[in-house]
Structures are given as structure tokens and as C-alpha cells.
>>> print(open('structure32.txt').read())   # compact mmCIF, C-alpha atoms and all ligand atoms
# COMPACT_ATOMS: atom_id res chain seq x y z
CA MET A 247 118.58 75.67 99.77
CA LYS A 248 114.84 75.89 99.29
CA TYR A 249 113.28 78.54 97.08
CA ALA A 250 111.29 79.65 100.10
CA GLU A 251 114.51 80.51 101.95
CA LEU A 252 115.80 82.48 98.98
CA ALA A 253 112.65 84.58 98.63
CA ASN A 254 112.34 88.04 100.15
CA ALA A 255 110.72 88.03 103.58
CA GLY A 256 107.74 90.02 102.34
CA VAL A 257 106.80 87.33 99.83
CA HIS A 258 105.76 84.95 102.60
CA GLU A 259 103.51 87.54 104.20
CA GLN A 260 102.03 88.79 100.96
CA PRO A 261 98.25 88.15 101.05
CA VAL A 262 96.87 86.43 97.97
CA TYR A 263 94.00 87.87 95.93
CA GLU A 264 91.08 85.45 95.55
CA PRO A 265 89.35 86.02 92.23
CA GLY A 266 85.78 85.00 91.43
CA LYS A 267 85.65 81.41 90.16
CA PRO A 268 85.74 81.12 86.36
CA ILE A 269 82.61 79.66 84.78
CA GLU A 270 84.45 76.63 83.38
CA TYR A 271 85.70 75.54 86.81
CA VAL A 272 82.24 75.64 88.32
CA ALA A 273 80.75 73.86 85.31
CA GLN A 274 83.25 71.03 85.63
CA GLU A 275 83.02 70.77 89.41
CA PHE A 276 79.23 70.53 89.50
CA GLY A 277 78.58 68.83 86.15
CA LEU A 278 76.76 71.84 84.69
CA GLU A 279 76.64 73.33 81.20
CA PRO A 280 78.86 76.44 81.05
CA THR A 281 76.12 78.29 79.15
CA GLN A 282 73.69 77.73 82.02
CA ILE A 283 75.94 79.36 84.58
CA ALA A 284 75.30 82.91 85.77
CA LYS A 285 78.54 84.49 86.92
CA LEU A 286 77.54 87.28 89.26
CA ALA A 287 80.82 87.27 91.16
CA SER A 288 83.22 89.76 89.61
CA ASN A 289 81.16 92.81 88.64
CA GLU A 290 81.62 92.11 84.96
CA ASN A 291 79.24 93.60 82.43
CA PRO A 292 76.44 91.05 81.81
CA PHE A 293 75.87 92.56 78.37
CA GLY A 294 79.39 91.73 77.22
CA PRO A 295 81.71 94.13 75.43
CA SER A 296 80.40 96.90 73.19
CA PRO A 297 79.85 95.44 69.69
CA LYS A 298 81.99 98.26 68.30
CA ALA A 299 84.84 97.25 70.60
CA MET A 300 84.65 93.68 69.33
CA VAL A 301 84.89 94.82 65.72
CA ALA A 302 87.90 97.01 66.51
CA ALA A 303 89.60 94.24 68.50
CA GLN A 304 89.15 91.79 65.63
CA ALA A 305 90.56 94.24 63.08
CA SER A 306 93.58 94.94 65.28
CA LEU A 307 94.57 91.26 65.24
CA LYS A 308 95.97 91.73 61.72
CA GLN A 309 98.71 93.81 63.34
CA ALA A 310 99.31 91.38 66.19
CA HIS A 311 102.87 90.71 64.98
CA LEU A 312 103.80 94.34 65.73
CA TYR A 313 104.54 95.68 69.19
CA PRO A 314 101.77 97.91 70.47
CA ASP A 315 102.03 101.68 70.68
CA GLY A 316 103.85 101.95 74.00
CA ALA A 317 102.50 105.46 74.55
CA CYS A 318 98.86 104.48 73.86
CA CYS A 319 98.57 107.63 71.76
CA LEU A 320 95.19 107.10 70.13
CA LEU A 321 93.57 105.81 73.28
CA ARG A 322 94.97 108.63 75.39
CA GLY A 323 93.68 111.10 72.81
CA ALA A 324 90.21 109.60 72.99
CA ILE A 325 90.25 109.61 76.80
CA ALA A 326 91.51 113.20 76.83
CA GLN A 327 88.61 114.28 74.68
CA LEU A 328 86.01 112.43 76.72
CA ARG A 329 87.36 113.49 80.13
CA GLY A 330 88.22 117.03 79.08
CA VAL A 331 91.86 116.76 80.19
CA GLU A 332 95.17 116.96 78.29
CA PRO A 333 96.74 113.72 76.98
CA ASP A 334 99.82 114.32 79.14
CA SER A 335 97.61 114.08 82.24
CA ILE A 336 96.69 110.48 81.40
CA ILE A 337 98.42 107.15 81.94
CA VAL A 338 97.02 103.88 80.57
CA GLY A 339 97.63 100.61 82.35
CA ASN A 340 97.15 96.87 82.06
CA GLY A 341 93.96 97.30 84.07
CA SER A 342 93.74 100.04 86.65
CA ASN A 343 95.23 97.48 89.04
CA GLU A 344 98.55 97.92 87.28
CA ILE A 345 98.37 101.66 87.86
CA ILE A 346 97.77 101.09 91.57
CA GLU A 347 100.97 99.04 91.54
CA LEU A 348 102.78 101.83 89.66
CA LEU A 349 101.85 104.16 92.52
CA GLY A 350 103.62 101.71 94.79
CA HIS A 351 106.72 101.64 92.58
CA ALA A 352 106.89 105.40 92.56
CA PHE A 353 105.92 106.30 96.12
CA LEU A 354 105.97 103.40 98.61
CA ARG A 355 108.69 101.84 100.74
CA PRO A 356 109.01 100.37 104.24
CA GLY A 357 108.20 102.93 106.92
CA LEU A 358 105.57 104.74 104.87
CA GLU A 359 101.81 104.40 105.34
CA VAL A 360 98.78 104.11 103.10
CA VAL A 361 95.33 105.06 104.41
CA MET A 362 92.34 103.02 103.18
CA GLY A 363 88.89 101.89 104.28
CA ALA A 364 88.68 98.64 106.25
CA GLN A 365 86.25 97.19 103.67
CA ALA A 366 87.78 98.82 100.64
CA PHE A 367 88.99 97.20 97.42
CA ILE A 368 91.59 94.69 98.64
CA VAL A 369 94.21 95.54 96.00
CA TYR A 370 95.14 98.73 97.91
CA LYS A 371 96.30 96.57 100.80
CA LEU A 372 98.04 94.04 98.56
CA VAL A 373 100.07 96.73 96.79
CA THR A 374 100.91 98.51 100.04
CA LYS A 375 102.32 95.27 101.47
CA LEU A 376 104.09 94.41 98.23
CA PHE A 377 106.28 97.48 98.74
CA GLY A 378 106.76 96.89 102.46
CA ALA A 379 104.66 99.90 103.44
CA THR A 380 102.00 99.80 106.16
CA PRO A 381 98.26 99.73 105.43
CA ILE A 382 96.24 101.89 107.83
CA GLU A 383 92.70 100.52 107.70
CA VAL A 384 90.02 102.94 108.81
CA PRO A 385 86.61 101.61 109.95
CA MET A 386 83.82 102.41 107.53
CA LEU A 387 80.61 104.31 108.26
CA ASP A 388 77.34 102.70 107.06
CA PHE A 389 79.28 100.75 104.39
CA GLY A 390 80.84 103.94 103.00
CA HIS A 391 84.23 105.57 103.41
CA ASP A 392 84.40 107.70 106.57
CA LEU A 393 86.38 110.55 105.05
CA LYS A 394 86.78 112.47 108.31
CA ALA A 395 88.20 109.44 110.09
CA MET A 396 90.49 108.79 107.11
CA ARG A 397 91.75 112.36 107.26
CA ALA A 398 92.41 111.89 110.96
CA ALA A 399 94.48 108.76 110.20
CA VAL A 400 96.97 110.74 108.09
CA THR A 401 100.44 111.13 109.62
CA ASP A 402 103.82 112.42 108.44
CA ARG A 403 104.44 108.92 107.06
CA THR A 404 101.30 108.80 104.89
CA ARG A 405 101.92 108.94 101.14
CA LEU A 406 98.72 107.60 99.59
CA LEU A 407 95.09 107.72 100.66
CA PHE A 408 92.69 105.52 98.67
CA VAL A 409 88.99 106.22 98.32
CA ALA A 410 86.91 104.04 96.01
CA SER A 411 83.64 105.75 95.20
CA PRO A 412 81.45 103.83 94.71
CA ASN A 413 83.41 101.39 96.85
CA ASN A 414 83.89 97.73 96.09
CA PRO A 415 82.61 95.54 97.78
CA THR A 416 80.11 97.79 99.59
CA GLY A 417 78.78 99.85 96.65
CA VAL A 418 78.40 103.05 98.65
CA ALA A 419 79.59 106.35 97.11
CA ASN A 420 80.85 109.60 98.65
CA THR A 421 79.57 113.01 97.56
CA GLU A 422 81.62 115.42 95.50
CA ALA A 423 81.42 118.02 98.27
CA ASP A 424 82.87 115.59 100.83
CA LEU A 425 85.64 114.46 98.46
CA VAL A 426 86.57 118.07 97.69
CA GLU A 427 86.66 118.87 101.40
CA LEU A 428 88.96 115.90 102.01
CA ALA A 429 91.27 116.80 99.10
CA GLU A 430 91.57 120.38 100.29
CA SER A 431 92.33 119.33 103.84
CA LEU A 432 95.21 116.97 103.00
CA PRO A 433 98.84 117.97 103.54
CA THR A 434 101.02 118.20 100.42
CA HIS A 435 102.89 114.93 101.12
CA VAL A 436 99.70 112.86 100.63
CA ILE A 437 98.19 111.85 97.28
CA LEU A 438 94.43 111.30 97.26
CA CYS A 439 93.76 108.37 94.91
CA LEU A 440 90.13 108.36 93.89
CA ASP A 441 89.21 105.01 92.37
CA GLU A 442 86.34 105.64 89.96
CA ALA A 443 85.97 102.07 88.67
CA TYR A 444 82.16 102.37 88.89
CA ALA A 445 81.80 106.09 88.17
CA GLU A 446 79.98 105.50 84.88
CA TYR A 447 77.15 103.86 86.83
CA LEU A 448 76.52 107.07 88.78
CA GLU A 449 74.04 109.55 87.40
CA MET A 450 76.62 112.26 88.03
CA ALA A 451 80.16 111.32 88.94
CA PRO A 452 82.08 113.65 91.27
CA ASP A 453 84.41 115.87 89.27
CA LEU A 454 87.79 116.62 90.86
CA ARG A 455 89.45 118.00 87.72
CA SER A 456 89.44 121.58 88.97
CA LEU A 457 91.28 120.46 92.12
CA ILE A 458 93.92 118.77 89.97
CA ALA A 459 94.25 121.95 87.90
CA LYS A 460 94.70 123.95 91.11
CA GLY A 461 97.63 121.72 92.08
CA ARG A 462 95.93 119.60 94.74
CA LYS A 463 97.47 116.14 94.90
CA VAL A 464 94.56 114.20 93.45
CA PHE A 465 94.84 111.20 91.13
CA CYS A 466 91.79 109.48 89.62
CA LEU A 467 91.57 105.91 88.34
CA ARG A 468 89.14 104.50 85.81
CA THR A 469 88.75 101.11 84.17
CA PHE A 470 87.46 99.44 81.04
CA SER A 471 86.66 96.30 83.03
CA LYS A 472 83.24 97.33 84.29
CA ILE A 473 80.70 99.30 82.24
CA TYR A 474 82.84 99.00 79.10
CA GLY A 475 82.82 95.22 79.42
CA LEU A 476 86.50 94.62 78.64
CA GLY A 477 87.72 92.94 81.85
CA GLY A 478 89.41 90.17 79.89
CA LEU A 479 91.54 92.59 77.89
CA ARG A 480 92.97 94.45 80.91
CA VAL A 481 92.83 98.19 80.34
CA GLY A 482 92.45 101.04 82.79
CA TYR A 483 93.69 104.59 83.09
CA GLY A 484 94.56 107.26 85.57
CA TYR A 485 94.44 111.05 85.24
CA GLY A 486 96.13 113.68 87.33
CA ASP A 487 98.85 116.29 87.26
CA PRO A 488 101.29 115.82 84.32
CA GLU A 489 104.22 115.80 86.77
CA LEU A 490 102.71 112.80 88.56
CA ILE A 491 101.87 111.10 85.27
CA GLN A 492 105.48 111.44 84.08
CA LEU A 493 106.75 109.72 87.22
CA LEU A 494 104.30 106.85 86.76
CA GLN A 495 105.24 106.51 83.08
CA ARG A 496 108.87 105.97 84.15
CA VAL A 497 108.09 102.94 86.29
CA ARG A 498 105.81 101.02 83.92
CA GLN A 499 106.83 98.40 81.39
CA PRO A 500 107.44 99.83 77.90
CA PHE A 501 104.55 97.90 76.30
CA ASN A 502 102.21 97.50 79.24
CA VAL A 503 98.94 97.62 77.26
CA ASN A 504 98.54 95.25 74.32
CA SER A 505 97.36 96.41 70.91
CA VAL A 506 94.04 94.51 70.92
CA ALA A 507 93.16 96.08 74.25
CA GLN A 508 94.07 99.56 73.01
CA ALA A 509 91.93 99.20 69.90
CA ALA A 510 88.95 97.77 71.77
CA ALA A 511 89.13 100.39 74.53
CA THR A 512 89.30 103.27 72.05
CA ALA A 513 86.19 102.00 70.25
CA ALA A 514 84.37 101.23 73.52
CA LEU A 515 84.97 104.75 74.77
CA MET A 516 83.18 106.18 71.76
CA ASP A 517 80.18 103.85 72.00
CA CYS A 518 78.15 106.12 74.27
CA GLU A 519 74.90 104.43 73.32
CA PHE A 520 76.09 101.07 74.64
CA VAL A 521 77.31 102.63 77.89
CA GLU A 522 73.98 104.39 78.38
CA HIS A 523 72.08 101.17 77.69
CA CYS A 524 74.17 99.31 80.29
CA ARG A 525 73.70 102.05 82.87
CA CYS A 526 69.89 102.08 82.49
CA ALA A 527 69.60 98.29 82.52
CA ASN A 528 71.79 98.22 85.63
CA GLU A 529 69.39 100.54 87.47
CA LEU A 530 66.42 98.31 86.59
CA GLY A 531 68.41 95.26 87.69
CA ARG A 532 69.35 96.94 90.95
CA ARG A 533 65.68 97.50 91.75
CA GLN A 534 64.82 93.93 90.75
CA LEU A 535 67.48 92.47 93.07
CA VAL A 536 66.94 94.80 96.01
CA GLU A 537 63.17 94.30 96.01
CA GLY A 538 63.51 90.56 95.52
CA LEU A 539 66.11 90.06 98.23
CA GLU A 540 64.37 92.33 100.72
CA SER A 541 61.12 90.44 100.19
CA LEU A 542 63.00 87.28 101.19
CA GLY A 543 64.03 88.99 104.42
CA CYS A 544 67.65 89.60 103.36
CA ALA A 545 68.69 93.16 104.26
CA THR A 546 70.32 94.56 101.13
CA VAL A 547 72.64 97.49 100.51
CA ALA A 548 71.64 98.84 97.09
CA GLY A 549 74.72 101.01 96.58
CA HIS A 550 75.52 102.87 93.36
CA ALA A 551 77.66 100.40 91.45
CA ASN A 552 76.81 97.31 89.37
CA PHE A 553 76.37 95.03 92.36
CA VAL A 554 74.42 94.82 95.60
CA LEU A 555 75.39 93.58 99.04
CA SER A 556 72.99 91.27 100.82
CA ASN A 557 72.84 89.84 104.31
CA VAL A 558 72.04 86.18 103.73
CA GLY A 559 72.94 84.86 107.19
CA ASP A 560 75.91 82.67 106.28
CA GLY A 561 77.61 84.09 103.20
CA LEU A 562 79.84 81.09 102.57
CA ALA A 563 77.02 78.54 102.85
CA PHE A 564 74.85 80.67 100.56
CA PHE A 565 77.68 80.96 98.03
CA GLN A 566 78.25 77.20 98.05
CA ALA A 567 74.58 76.32 97.74
CA LEU A 568 74.11 78.76 94.86
CA GLN A 569 77.13 77.37 93.08
CA GLN A 570 75.48 73.97 92.88
CA LYS A 571 72.58 75.69 91.13
CA GLY A 572 74.92 77.29 88.60
CA ILE A 573 75.09 80.78 90.08
CA ILE A 574 78.37 82.29 91.24
CA VAL A 575 78.33 85.13 93.78
CA ARG A 576 81.06 86.44 96.07
CA PRO A 577 81.14 85.59 99.78
CA LEU A 578 82.58 88.45 101.82
CA ALA A 579 84.25 86.77 104.79
CA PRO A 580 87.66 87.89 103.45
CA TYR A 581 86.40 91.47 103.86
CA GLY A 582 85.24 90.81 107.43
CA MET A 583 81.56 90.52 106.44
CA PRO A 584 80.78 86.79 106.85
CA ASP A 585 76.98 87.36 106.76
CA TYR A 586 77.08 89.05 103.39
CA VAL A 587 77.48 88.17 99.77
CA ARG A 588 78.18 90.56 96.92
CA ILE A 589 75.96 89.96 93.93
CA THR A 590 76.77 91.50 90.56
CA ILE A 591 73.67 92.91 88.87
CA GLY A 592 73.15 90.63 85.89
CA THR A 593 70.66 90.56 83.03
CA GLU A 594 66.98 90.46 83.99
CA ILE A 595 66.99 86.69 83.42
CA GLU A 596 70.11 86.13 85.53
CA ASN A 597 68.71 88.26 88.34
CA ALA A 598 65.44 86.30 88.27
CA LYS A 599 67.40 83.04 88.37
CA LEU A 600 69.33 84.24 91.39
CA LEU A 601 66.18 85.35 93.21
CA LYS A 602 64.46 82.03 92.53
CA ALA A 603 67.46 80.10 93.88
CA ALA A 604 67.77 82.42 96.88
CA ALA A 605 64.07 81.92 97.68
CA GLU A 606 64.60 78.15 97.73
CA LEU A 607 67.56 78.51 100.08
CA VAL A 608 65.77 80.85 102.45
CA GLU A 609 62.80 78.46 102.42
CA CYS A 610 65.22 75.65 103.30
CA ARG A 611 66.75 77.63 106.16
CA ARG A 612 63.33 78.39 107.61
CA GLY A 613 62.37 74.74 107.27
CA SER A 614 65.41 73.59 109.23
CA LEU A 615 64.71 75.88 112.19
C1 LIG B 1 86.97 96.21 89.36
C2 LIG B 1 87.72 97.29 90.05
C3 LIG B 1 88.83 97.87 89.46
C4 LIG B 1 89.23 97.46 88.07
O1 LIG B 1 90.46 96.90 88.00
P1 LIG B 1 91.09 96.56 86.56
O2 LIG B 1 92.48 96.23 86.90
O3 LIG B 1 90.97 97.82 85.75
O4 LIG B 1 90.30 95.45 85.98
C5 LIG B 1 89.49 98.88 90.13
N1 LIG B 1 89.06 99.30 91.33
C6 LIG B 1 87.98 98.79 91.91
C7 LIG B 1 87.52 99.33 93.20
C8 LIG B 1 87.28 97.76 91.30
O5 LIG B 1 86.23 97.22 91.89
>>> encode(input="structure32.txt", output="C-alpha cells")
Amino acid sequence: MKYAELANAGVHEQPVYEPGKPIEYVAQEFGLEPTQIAKLASNENPFGPSPKAMVAAQASLKQAHLYPDGACCLLRGAIAQLRGVEPDSIIVGNGSNEIIELLGHAFLRPGLEVVMGAQAFIVYKLVTKLFGATPIEVPMLDFGHDLKAMRAAVTDRTRLLFVASPNNPTGVANTEADLVELAESLPTHVILCLDEAYAEYLEMAPDLRSLIAKGRKVFCLRTFSKIYGLGGLRVGYGYGDPELIQLLQRVRQPFNVNSVAQAAATAALMDCEFVEHCRCANELGRRQLVEGLESLGCATVAGHANFVLSNVGDGLAFFQALQQKGIIVRPLAPYGMPDYVRITIGTEIENAKLLKAAAELVECRRGSL
């Protein structure tokens, strides 16, 4: 018998996540120096990790022979202080992606439904399918989540409703008032999962803690992969009602977050200066990219995260041509937006490099007409 015949039916239908291409692959493929490549494909922090996080990570290596603290005590304490919630309302994961999967373990099975935006973060759909549940994809409104339409898509079979704000890959955020209205309108068999992966880039992130305290079924997800610059270490967390957190703790692996990641994340959390620097630089970079792309005639969605969305005509062709010039962006055909690319806001130099290359391509396109 073939392995394929032995596998569960769902495995064959499981869509596969396509990550941004690593720098080394592109360097090798196009004969470029890795140091010359600008990776603007995965919304990573162009300023790297916080220097304090690197020091803490290094120091923690001396204890690498010991299993990590399975309860992530120190890190949860630091998060609790920063977020103003109790440690027992927090779960830490191997990236917030793991926590999305834990939601699946705890709440999803065939016959149940998960409501999400049609151009939302693709992992919601992957996890839904992994557990045999049905994704209900709701059309978006001006690149943002249409909360009223999402509410209307809720049925007796709905268990989870995902809102990413700001959303990836569109960058558009929902207001606190609209999120509160949605949360208060949901029936008690539905958990609102607010993915706040880019919340630190907002001037003021929506605050749903009082709804959680009131017993509304709201669960919020955050990550160390974006503004904290620790994508390679895989740490994220969720906060919500302690009863929910206890259920999620039951279905995770005992040592899901490694000790280097815990140490680095704890230090990164306390480095407010670094976070503030990244946030300000990101705003300047956003303006640089939006103005530059618009002046080339590419309609651009500025959004509120650390990336912009730009209509470049043929996203895949643009992506391929840029790659040859040592710049990696993300084509969005897999999200049903073949005209667009998603461009992570890089350093000022990286942004300028991208704009220069884009100008050459647009020039080229005009020339060929
Ligand atoms: C990048 C991102 C995450 C982060 O995932 P990790 O597993 O923590 O790296 C989560 N949600 C969204 C919408 C993202 O864009």
C-alpha cells in the first residue's frame, strides 16, 4: 500500500502554506550576494531583534541542556504586567500560529464552521480545514473586514470568528467601536478571535479587555514575530478568559516554547525604546513607499501595519522581475488579488531600492505598450 492511501482523507485536501522565499534561496538562484538582498516579503522587522533580546537569548544558551519552563512563568508575568491582565489569562505559543491551531484542537471538528474574511490571514483557513471544519469566507469591504457581513454569516454551527486588525495581507484595521459592537452582538457559542499581530504599529490599539472581563467570548492573539523582531524564534501569545486559557493549555505540547525564545521575548517586551523606534521608522517608511509607488501610478493601500499593498498590474511578473534585482516581495494571487503585491516596509535604504527597481519596471511596461 502507498503512504498516500494510508493517510487521512483530509491530508490530501489540506492547502499548503507558501512562505516568503528565504534570502539564501534567492541569492543562489540569481547569483546575488545574500547581503545585497532586501527581503520585503514576510513582514519581518527590518531593524532586527531588540539588542536587549539578543543579549538575553545568548545568555540563555548556557542553560540549553535543560528543558524550558513549560509554563513560561517569567514571560507570562512580563506580558501580564504590560497588558494589564492576570498571568492565568495568558497562553504562550510557538508563534501565535500554534495558538490558532490550539483553538482548532479545543473547539473544531467536522460539521462546525469558522467565519473569516475572504482576504484574511490564510492560516485561519488552513487550521479550519486541518480539523475538518468548514471555512466561511466573507467578502471584504474596501480591503477591511466587513464586520456586519461577518456577523450575518454566523450560524448555530459557528464556533470561531477570526478578525485580524490590522489584517494581513491588506493592512486595513477595524475601529474599537466596531469590534466592541461585533463582540456584543455574537451568540455565546461563538468565540471572537482578534488577531493583533500588528497592533503595536497602531497609534492606539483597540482594547477589548473590559469585554473579556465582562464574560464576552473574546480571545486576543499577539506575536513577537513582527515589531519585536523575533520571527525566527517563534513566540506568540493569546489572552482571554482564564477558563478558555485552561482549555488551550491542556491541548498544547508540554514544552511548546523553547528557552531561548522565552528569554529573548521577555527582554524584548521590556525594551520599549526599541519598539517605539521601530514604530516611528515604520510610519516614515510607509509614507516613503506610498508616495513613491503612487507617483509611479501604482494605486497603493497604505494600511496600518508594517507593509503596504500596491496594484502593480501583474503581481507575479512584478515579483519575479524584482527578485532578479535582489528584492523579495509577496505576490497576492493566492489571496485572489493577482494585480497586487504586498511589500513589507523596510529600512529607508531598502524602500528606496525597491522604489528605484519599481520605477525601472514601470518604465519598461510603458515602453512595451
Ligand atoms: C505574522 C502574523 C502572525 C504571526 O504569526 P507567528 O506564528 O506568531 O509568527 C499572526 N497573525 C497574522 C495576521 C500575521 O500576519
>>> closest_residue(input="structure32.txt", among="A:Lys308, A:Arg498, A:Arg532, A:Lys602", to="Glu347 in chain A", atoms="all atoms listed in the file")
A:Arg498
>>> atom_distance(input="structure32.txt", atom1="CA of Ser471 in chain A", atom2="CA of Asn343 in chain A")
10.5 Å
>>> residues_near_ligand(input="structure32.txt", ligand="ligand LIG 1 (chain B)", cutoff="6 Å", atoms="only C-alpha atoms and all ligand atoms", output="PyMOL selection string")
chain A and resi 341-343+367+410+413-414+441+443+469+471+477+480-482
>>> closest_residue(input="structure32.txt", among="A:Ala548, A:Leu568, A:Ala326, A:Ala511", to="Gly339 in chain A", atoms="only C-alpha atoms")
A:Ala511
>>> closest_residue(input="structure32.txt", among="A:Met362, A:Ala303, A:Met583, A:Ile473", to="Phe520 in chain A", atoms="only C-alpha atoms")
A:Ile473
>>> residues_around(input="structure32.txt", residues="Thr380 in chain A", least_positions_apart="2", cutoff="10 Å", atoms="all atoms listed in the file", output="list of chain:residue names")
A:Leu354, A:Arg355, A:Pro356, A:Gly357, A:Leu358, A:Glu359, A:Val360, A:Val361, A:Lys371, A:Thr374, A:Lys375, A:Leu376, A:Phe377, A:Gly378, A:Ile382, A:Glu383, A:Arg403, A:Thr404
>>> atom_distance(input="structure32.txt", atom1="CA of Ala364 in chain A", atom2="CA of Tyr586 in chain A")
15.3 Å
>>> atom_distance(input="structure32.txt", atom1="CA of Met386 in chain A", atom2="CA of Val409 in chain A")
11.2 Å
>>> residues_near_point(input="structure32.txt", point="(99.9, 99.5, 83.4)", cutoff="12 Å", atoms="all atoms listed in the file", output="count of residues only")
39
>>> residues_around(input="structure32.txt", residues="Leu607 in chain A", least_positions_apart="3", cutoff="12 Å", atoms="all atoms listed in the file", output="VMD selection string")
chain A and resid 539 542 to 544 558 to 561 563 to 571 600 to 604 610 to 614
>>> closest_residue(input="structure32.txt", among="A:Val384, A:Leu457, A:Ile437, A:Ala302", to="Met396 in chain A", atoms="only C-alpha atoms")
A:Val384
>>> closest_residue(input="structure32.txt", among="A:Leu490, A:Val418, A:Leu312, A:Leu425", to="Val554 in chain A", atoms="all atoms listed in the file")
A:Val418
